[in-house]
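Asks: For reference, the structure I am asking about is given below.
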There are 2 protein chains.
Amino acid sequence: MQFHTEVLKNGLKIIGETSPSARSTAIGFFVRTGSRDETPEVSGVSHFLEHMVFKGTPRRTALDVNRDFDRIGAHYNAFTSEENTVFHAAVLPEYLPHAVDILADILRPSLRGDDFDMEKNVIIEEIGMYEDQPTWSAYDHAKKTYFADHPLGNSILGTPDSIRALTRDQMHGYFERRYVAPNVTVACAGRFEWPELVALIEKQCGGWNGAPVGRQGIRETAGSGAFKVMNKDKVTQEHVILMASGPAADHPLRHAADTLALAIGDDSGSRLYWGLVDPGLAESADCSFHEYEGTGSFYTSFSCEPEQAQANLALVRSILSEVQHDGITEAELQQAKSKILSRVVRGSERPMGRMQAIGMAWTYLQQYRSVDDELEAFDAVTLKSIREVLDKYPIDRTTTLALGPLAEL
Amino acid sequence: MQFHTEVLKNGLKIIGETSPSARSTAIGFFVRTGSRDETPEVSGVSHFLEHMVFKGTPRRTALDVNRDFDRIGAHYNAFTSEENTVFHAAVLPEYLPHAVDILADILRPSLRGDDFDMEKNVIIEEIGMYEDQPTWSAYDHAKKTYFADHPLGNSILGTPDSIRALTRDQMHGYFERRYVAPNVTVACAGRFEWPELVALIEKQCGGWNGAPVGRQGIRETAGSGAFKVMNKDKVTQEHVILMASGPAADHPLRHAADTLALAIGDDSGSRLYWGLVDPGLAESADCSFHEYEGTGSFYTSFSCEPEQAQANLALVRSILSEVQHDGITEAELQQAKSKILSRVVRGSERPMGRMQAIGMAWTYLQQYRSVDDELEAFDAVTLKSIREVLDKYPIDRTTTLALGPLAEL
């Protein structure tokens, strides 16, 4: 494997990991923009814009976009998070030029008024669909409660009201500001020729606007500390999320934080699994670590019959304060490491996995991280570094959100 | 990549594809047994037995099985189909001996009476859960309607009645007959040392019973030709499946059949997509080809608002008879090929994908099929071979099952 990097004159970054033994190629356009970059008036615009990108350009109708991807057998998709909007495709190596042609083209969308109005309804329906999913809804509300006025609390989808009020011109303004060349990283992994890739991107994206753009409100937060119960009668199970502060995406303790979360709440063989799921006290229980620019957070959550919620909440709290007090055991550390190393390796076996990994590493660290770099970093986690995480980011200092049939908890 | 094969004295087959550039190893135990090998009295026993395999052995409790897999960070699972019961794990190369130790051990399960009684309830709940999923339920009933008295019509899960009536002794008898060494193939792919693998398997499985076992009722079928409407008021959409006959798993036309199904009903850019989904006439519409020992079948299905079902059925029939009459176009063939080649390549990039592929090829063909063999076979599909498929297996000679709010269609 070999790593390459290049910056176009307009500031667009290109990175690539060539792997001659691969049989396919994955390419992604990482736009450093998401819900945290939105003002309340345009809440949901990043995600809505992601949809609009597939609706056509001066050279392609929405139908053409679909047909052109299809013709080359591309496996393609996009997603929007708090901090990134990513468009990606995996193809056979001979179709990489076609994939670049389509992706670079759709990233300068026409944003036609008719399409905008039609897609608005699709987005509003999607919001309704997600709101009906208690797990997702609880997660969205927990973030809002924890982050409070921190921009990471902004909803990715927006609300039906914010979407309804959004105008095509507002979206166009947001696009013009945020989809500029210096805010885009193109990442490629698998089998391809690096000089050829650079030439392709240069040709298609060399003319993109090079005005720099920043990000507001990058700061740490320990969360609001609130305790909120949302009564939803239609939901049968009680969904409870306890959030706590953690290291940011560029913090040297992030691997230890990830390992700690796994030991506490992996979906098999963790403290929460043996404490709540295995004895049948909860339907599900887990803990995961999410890293962002400037801050990070631990999400500990469980869902169960409402009658069981009170006792489970006490149990989860006692598990968290036990961990805070005594840390985890050497056996737990080794088991969590085995799992995490196995996941890193399996996730790296496809160009799609590598493309995502190098794209994210470049976005957050301006650094190349090989598979071995990541394996070594996880392998280097010790009980001491886990202790450091807990000392800096007490996992039992939580903000809590419950959603379900209960009015009080 | 290098392929290896070995047969133990008791008839157990071992195959392996070593790939030095891989970073993980996948291993699977393929037992050639499934719902088609069941008599009505033990309907569902294969799938129930798959669950019981994880409940422990003389050396391990159910808890130990879970803990031991967990300790090595294994990504493990199992599935039961009409023809196969497969147990598999993906691990870091250094843990392959542990994975073999666990898998080989659990494949000689204790089938303890208490566990059997407890798991019975789990299975009956699982049947209820699946029955509530109209897509799955329609598929299960369509198979039953099409295959009629052919053993491939047997339900994989069984019924609550058949499971309730099943005794531990019946399961034990089934296990003793079907889980014999000559009916098992162990497949391994990724990074590993072949002689070491053979030694590990030999040590653990060399003492397994070597009594041979066959399979009854291997024959072609063109389906019952029935037209059945099942009224389910609780289901909101109408689910319609049209089945037709196709080539068997060892037939030279199977690649052409796969390609044809994709051109007709891939989930994007196919005849059914443009005819039904894109214009919003149906929620979903697709066509897929399933191959079995002795026969194969095409599943064409759609789901839509009940008011639209009649018109959609007429539309799907006209699409099928148009294809039967005129075949597909060269452009459709090329597009379907691009997609299929891309899928084969992406599916081959992980040891897990290769392990499944070589295991299935050995089970059905007693043949090694490299990725290139498969790519070449799909690349060799022509309009002429598609025509041959249609002439031998008319895709418009259908058996139809509708499930949903309608009483008639």
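By order of appearance in the structure tokens: chains A, B, ..., then residues from 1 within every chain, and ligands from 1 in the order shown.
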Pick out the residues sitting within 8 Å of Ser24 (chain B), and hand them over as a PyMOL selection string; count only C-alpha atoms, and ignore anything fewer than 6 positions along from it in its own chain.
Replies: (chain A and resi 342+345-346) or (chain B and resi 90-93+190-191+351)
Asks: I need the contact residues of chain B against chain A, so if you could list those with any atom within 9 Å, counting only C-alpha atoms, and return them as a PyMOL selection string, that would help.
Replies: chain B and resi 21-24+66-67+70-75+90-92+268-269+331-332+334-343+345-346+348-351
Asks: Please list as a ChimeraX atom specification every residue within 12 Å of Ser43 (chain A), counting only C-alpha atoms and excluding residues in the same chain fewer than 2 positions away.
Replies: /A:34-41,45-49,82,151,153-167,170-171,174
Asks: Mind writing the picked residues with N, CA and C atoms as a CSV table (one decimal), in the first residue's frame?
Replies:
chain,number,residue,atom,x,y,z
A,34,GLY,N,-22.0,20.1,8.0
A,34,GLY,CA,-23.1,19.3,8.5
A,34,GLY,C,-23.9,20.1,9.4
A,35,SER,N,-24.8,19.4,10.2
A,35,SER,CA,-25.7,20.2,11.0
A,35,SER,C,-25.1,21.2,12.0
A,36,ARG,N,-23.9,20.9,12.4
A,36,ARG,CA,-23.3,21.9,13.4
A,36,ARG,C,-22.9,23.2,12.7
A,37,ASP,N,-22.9,23.2,11.4
A,37,ASP,CA,-22.6,24.4,10.7
A,37,ASP,C,-23.8,25.2,10.2
A,38,GLU,N,-25.0,24.8,10.8
A,38,GLU,CA,-26.2,25.4,10.4
A,38,GLU,C,-26.7,26.4,11.4
A,39,THR,N,-27.4,27.5,11.0
A,39,THR,CA,-28.1,28.4,11.9
A,39,THR,C,-29.5,27.9,12.0
A,40,PRO,N,-30.2,28.3,13.1
A,40,PRO,CA,-31.5,27.7,13.3
A,40,PRO,C,-32.5,27.9,12.1
A,41,GLU,N,-32.3,29.0,11.4
A,41,GLU,CA,-33.2,29.3,10.2
A,41,GLU,C,-33.1,28.3,9.1
A,45,VAL,N,-30.6,21.9,6.5
A,45,VAL,CA,-30.2,22.2,5.1
A,45,VAL,C,-29.1,21.3,4.5
A,46,SER,N,-28.1,20.9,5.4
A,46,SER,CA,-27.0,20.0,4.9
A,46,SER,C,-27.6,18.7,4.4
A,47,HIS,N,-28.5,18.1,5.2
A,47,HIS,CA,-29.0,16.8,4.8
A,47,HIS,C,-29.9,17.0,3.5
A,48,PHE,N,-30.7,18.0,3.5
A,48,PHE,CA,-31.6,18.3,2.4
A,48,PHE,C,-30.8,18.5,1.1
A,49,LEU,N,-29.7,19.2,1.3
A,49,LEU,CA,-28.8,19.5,0.1
A,49,LEU,C,-28.1,18.2,-0.4
A,82,GLU,N,-23.2,15.3,11.8
A,82,GLU,CA,-23.1,16.6,12.4
A,82,GLU,C,-22.0,17.5,11.7
A,151,PRO,N,-23.3,23.8,19.2
A,151,PRO,CA,-23.9,23.5,17.8
A,151,PRO,C,-24.0,22.0,17.5
A,153,GLY,N,-25.5,20.0,19.1
A,153,GLY,CA,-26.9,19.6,19.5
A,153,GLY,C,-27.9,19.8,18.3
A,154,ASN,N,-27.5,20.5,17.3
A,154,ASN,CA,-28.4,20.7,16.1
A,154,ASN,C,-28.9,19.4,15.5
A,155,SER,N,-30.1,19.4,15.2
A,155,SER,CA,-30.7,18.2,14.5
A,155,SER,C,-30.2,18.0,13.1
A,156,ILE,N,-29.8,16.8,12.7
A,156,ILE,CA,-29.3,16.6,11.3
A,156,ILE,C,-30.4,16.8,10.3
A,157,LEU,N,-31.6,16.2,10.7
A,157,LEU,CA,-32.7,16.3,9.7
A,157,LEU,C,-33.5,17.6,9.7
A,158,GLY,N,-33.3,18.4,10.8
A,158,GLY,CA,-34.2,19.6,11.0
A,158,GLY,C,-35.6,19.2,11.4
A,159,THR,N,-36.5,20.2,11.4
A,159,THR,CA,-37.9,19.9,11.8
A,159,THR,C,-38.7,20.1,10.6
A,160,PRO,N,-40.0,19.5,10.6
A,160,PRO,CA,-40.9,19.8,9.5
A,160,PRO,C,-41.0,21.3,9.3
A,161,ASP,N,-41.1,22.1,10.4
A,161,ASP,CA,-41.2,23.5,10.2
A,161,ASP,C,-40.0,24.2,9.6
A,162,SER,N,-38.8,23.8,10.0
A,162,SER,CA,-37.6,24.4,9.5
A,162,SER,C,-37.5,24.1,8.0
A,163,ILE,N,-37.8,22.8,7.6
A,163,ILE,CA,-37.7,22.4,6.2
A,163,ILE,C,-38.8,23.1,5.4
A,164,ARG,N,-40.0,23.2,5.9
A,164,ARG,CA,-41.0,23.9,5.2
A,164,ARG,C,-40.7,25.4,4.9
A,165,ALA,N,-40.0,26.0,5.9
A,165,ALA,CA,-39.7,27.4,5.7
A,165,ALA,C,-38.5,27.7,4.8
A,166,LEU,N,-37.7,26.6,4.6
A,166,LEU,CA,-36.4,26.8,3.9
A,166,LEU,C,-36.7,27.2,2.4
A,167,THR,N,-36.0,28.2,1.9
A,167,THR,CA,-36.1,28.6,0.5
A,167,THR,C,-35.0,28.0,-0.3
A,170,GLN,N,-31.9,30.2,0.1
A,170,GLN,CA,-31.1,29.9,1.4
A,170,GLN,C,-30.2,28.7,1.1
A,171,MET,N,-30.8,27.6,0.5
A,171,MET,CA,-29.9,26.5,0.3
A,171,MET,C,-28.8,26.8,-0.7
A,174,TYR,N,-26.1,28.6,1.2
A,174,TYR,CA,-25.3,27.7,2.0
A,174,TYR,C,-24.4,26.8,1.2
Asks: Please report the interatomic distance between CA of Lys232 (chain A) and CA of Leu406 (chain A) in Å with one decimal.
Replies: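 That distance, rounded to one decimal, is 7.6 Å.
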Asks: If we count only C-alpha atoms and set the cut-off at 6 Å, which residues sit around Asp286 (chain B), ignoring sequence neighbours fewer than 5 positions away in its own chain? Please answer as a PyMOL selection string.
Replies: chain B and resi 265-266+300-301
Asks: What are the DSSP strand (DSSP E) residues of region 111-323 of chain B, as an NGL selection string?
Replies: :B and (184-190 or 227-231 or 238-246 or 284-291 or 296-304)
Asks: Between A:Pro279, A:Pro134, A:Pro306, A:Pro97, which residue has the minimum interatomic distance to Glu196 (chain A), considering only C-alpha atoms?
Replies: A:Pro97
Asks: Taking into account only C-alpha atoms, which residue in the set A:Ala142, A:Ile358, A:Ala181, A:Leu200 is nearest to Gly225 (chain A)?
Replies: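 Among the listed residues, A:Ala142 lies closest to Gly225 (chain A).
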Asks: A:Asp64, A:Glu83, A:Asp258, A:Asp115: which is nearest Ser297 (chain A), counting only C-alpha atoms?
Replies: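 Nearest to Ser297 (chain A): A:Asp258.
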Asks: Ranking B:Ala249, B:Met355, B:Ile218, B:Met1 by minimum distance to Leu152 (chain B) and counting only C-alpha atoms, which one comes first?
Replies: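 Among B:Ala249, B:Met355, B:Ile218, B:Met1, it is B:Ile218 that comes nearest to Leu152 (chain B).
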Asks: Extract, using only C-alpha atoms, all DNA, RNA and protein residues at most 10 Å from Phe302 (chain A), discarding same-chain residues fewer than 4 positions from it, and format them as a PyMOL selection string.
Replies: chain A and resi 135+237-242+265+272+276-277+281-287+309+312-313+316+402
Asks: Region 206-214 of chain A: which residues within 7 Å, counting only C-alpha atoms, same-chain residues fewer than 6 positions away excluded, as a list of chain:residue names?
Replies: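 Non-adjacent residues within range: A:Leu8, A:Asn10, A:Gly11, A:Arg177, A:Arg178, A:Val180, A:Ala181, A:Pro182, A:Asn183.
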Asks: Kindly export the residues of the current selection with N, CA and C atoms, as a PDB file, in the first residue's frame.
Replies:
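Result went into result.pdb, see below:
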ATOM      1  N   LEU A   8      -4.949  20.934  -4.866  1.00  0.00           N
ATOM      2  CA  LEU A   8      -5.112  21.750  -6.085  1.00  0.00           C
ATOM      3  C   LEU A   8      -4.926  23.225  -5.735  1.00  0.00           C
ATOM      4  N   ASN A  10      -6.865  25.636  -6.036  1.00  0.00           N
ATOM      5  CA  ASN A  10      -8.026  26.233  -5.354  1.00  0.00           C
ATOM      6  C   ASN A  10      -8.235  25.684  -3.937  1.00  0.00           C
ATOM      7  N   GLY A  11      -7.319  24.818  -3.495  1.00  0.00           N
ATOM      8  CA  GLY A  11      -7.389  24.359  -2.114  1.00  0.00           C
ATOM      9  C   GLY A  11      -8.042  23.000  -1.930  1.00  0.00           C
ATOM     10  N   ARG A 177     -21.337  28.885   0.037  1.00  0.00           N
ATOM     11  CA  ARG A 177     -20.376  29.131   1.115  1.00  0.00           C
ATOM     12  C   ARG A 177     -19.594  27.886   1.520  1.00  0.00           C
ATOM     13  N   ARG A 178     -20.307  26.738   1.579  1.00  0.00           N
ATOM     14  CA  ARG A 178     -19.717  25.559   2.214  1.00  0.00           C
ATOM     15  C   ARG A 178     -19.125  24.527   1.243  1.00  0.00           C
ATOM     16  N   VAL A 180     -17.176  24.838  -1.129  1.00  0.00           N
ATOM     17  CA  VAL A 180     -16.021  25.421  -1.818  1.00  0.00           C
ATOM     18  C   VAL A 180     -14.846  24.438  -1.787  1.00  0.00           C
ATOM     19  N   ALA A 181     -13.945  24.598  -2.754  1.00  0.00           N
ATOM     20  CA  ALA A 181     -12.829  23.661  -2.914  1.00  0.00           C
ATOM     21  C   ALA A 181     -12.029  23.425  -1.625  1.00  0.00           C
ATOM     22  N   PRO A 182     -11.676  24.472  -0.856  1.00  0.00           N
ATOM     23  CA  PRO A 182     -10.847  24.209   0.327  1.00  0.00           C
ATOM     24  C   PRO A 182     -11.575  23.413   1.410  1.00  0.00           C
ATOM     25  N   ASN A 183     -12.883  23.268   1.262  1.00  0.00           N
ATOM     26  CA  ASN A 183     -13.665  22.545   2.262  1.00  0.00           C
ATOM     27  C   ASN A 183     -13.964  21.100   1.832  1.00  0.00           C
TER      28      ASN A 183
END
Asks: Between B:Ala222, B:His4, B:His255, B:Thr400, single out the one closest to Thr382 (chain B), counting only C-alpha atoms.
Replies: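 Under the stated criterion, the closest residue is B:His255.
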Asks: Could you pull out the alpha helix (DSSP H) residues of region 93-209 of chain B, going by DSSP on the backbone, and write them as an MDAnalysis selection string?
Replies: chainID B and resid 96:106 113:131 134:147 160:165 168:178 194:205
Asks: Can you tell me, as a PDB file with N, CA and C atoms, in the first residue's frame, what residues are no more than 10 Å from Arg369 (chain A) when counting only C-alpha atoms, ignoring any on the same chain fewer than 3 positions away?
Replies:
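Result saved to around-v4.pdb:
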ATOM      1  N   PHE A   3       0.656   5.656   0.092  1.00  0.00           N
ATOM      2  CA  PHE A   3      -0.203   6.812   0.309  1.00  0.00           C
ATOM      3  C   PHE A   3       0.289   8.012  -0.494  1.00  0.00           C
ATOM      4  N   ARG A 354     -11.305   1.383   3.621  1.00  0.00           N
ATOM      5  CA  ARG A 354     -10.084   2.187   3.667  1.00  0.00           C
ATOM      6  C   ARG A 354     -10.346   3.625   3.228  1.00  0.00           C
ATOM      7  N   ALA A 357     -11.849   5.453   6.008  1.00  0.00           N
ATOM      8  CA  ALA A 357     -10.896   5.656   7.104  1.00  0.00           C
ATOM      9  C   ALA A 357      -9.895   6.759   6.769  1.00  0.00           C
ATOM     10  N   ILE A 358      -9.312   6.719   5.564  1.00  0.00           N
ATOM     11  CA  ILE A 358      -8.307   7.757   5.258  1.00  0.00           C
ATOM     12  C   ILE A 358      -8.976   9.118   5.063  1.00  0.00           C
ATOM     13  N   GLY A 359     -10.201   9.112   4.536  1.00  0.00           N
ATOM     14  CA  GLY A 359     -10.921  10.381   4.355  1.00  0.00           C
ATOM     15  C   GLY A 359     -11.215  11.047   5.692  1.00  0.00           C
ATOM     16  N   MET A 360     -11.652  10.255   6.656  1.00  0.00           N
ATOM     17  CA  MET A 360     -11.963  10.801   7.973  1.00  0.00           C
ATOM     18  C   MET A 360     -10.686  11.250   8.691  1.00  0.00           C
ATOM     19  N   ALA A 361      -9.634  10.440   8.590  1.00  0.00           N
ATOM     20  CA  ALA A 361      -8.378  10.800   9.253  1.00  0.00           C
ATOM     21  C   ALA A 361      -7.842  12.112   8.686  1.00  0.00           C
ATOM     22  N   TRP A 362      -7.972  12.293   7.376  1.00  0.00           N
ATOM     23  CA  TRP A 362      -7.467  13.522   6.764  1.00  0.00           C
ATOM     24  C   TRP A 362      -8.317  14.715   7.176  1.00  0.00           C
ATOM     25  N   LEU A 365      -7.523  15.027  11.166  1.00  0.00           N
ATOM     26  CA  LEU A 365      -6.145  15.073  11.674  1.00  0.00           C
ATOM     27  C   LEU A 365      -5.146  15.609  10.663  1.00  0.00           C
ATOM     28  N   GLN A 366      -5.595  15.797   9.402  1.00  0.00           N
ATOM     29  CA  GLN A 366      -4.633  16.147   8.340  1.00  0.00           C
ATOM     30  C   GLN A 366      -3.440  15.192   8.431  1.00  0.00           C
ATOM     31  N   ASP A 372      -2.006  -0.346  10.066  1.00  0.00           N
ATOM     32  CA  ASP A 372      -1.070  -0.674  11.149  1.00  0.00           C
ATOM     33  C   ASP A 372      -0.988   0.437  12.189  1.00  0.00           C
ATOM     34  N   ASP A 373      -1.054   1.690  11.753  1.00  0.00           N
ATOM     35  CA  ASP A 373      -1.067   2.800  12.719  1.00  0.00           C
ATOM     36  C   ASP A 373      -2.230   2.640  13.698  1.00  0.00           C
ATOM     37  N   GLU A 374      -3.394   2.322  13.145  1.00  0.00           N
ATOM     38  CA  GLU A 374      -4.575   2.181  13.998  1.00  0.00           C
ATOM     39  C   GLU A 374      -4.455   0.967  14.911  1.00  0.00           C
ATOM     40  N   LEU A 375      -3.975  -0.143  14.350  1.00  0.00           N
ATOM     41  CA  LEU A 375      -3.824  -1.355  15.168  1.00  0.00           C
ATOM     42  C   LEU A 375      -2.853  -1.103  16.317  1.00  0.00           C
TER      43      LEU A 375
END
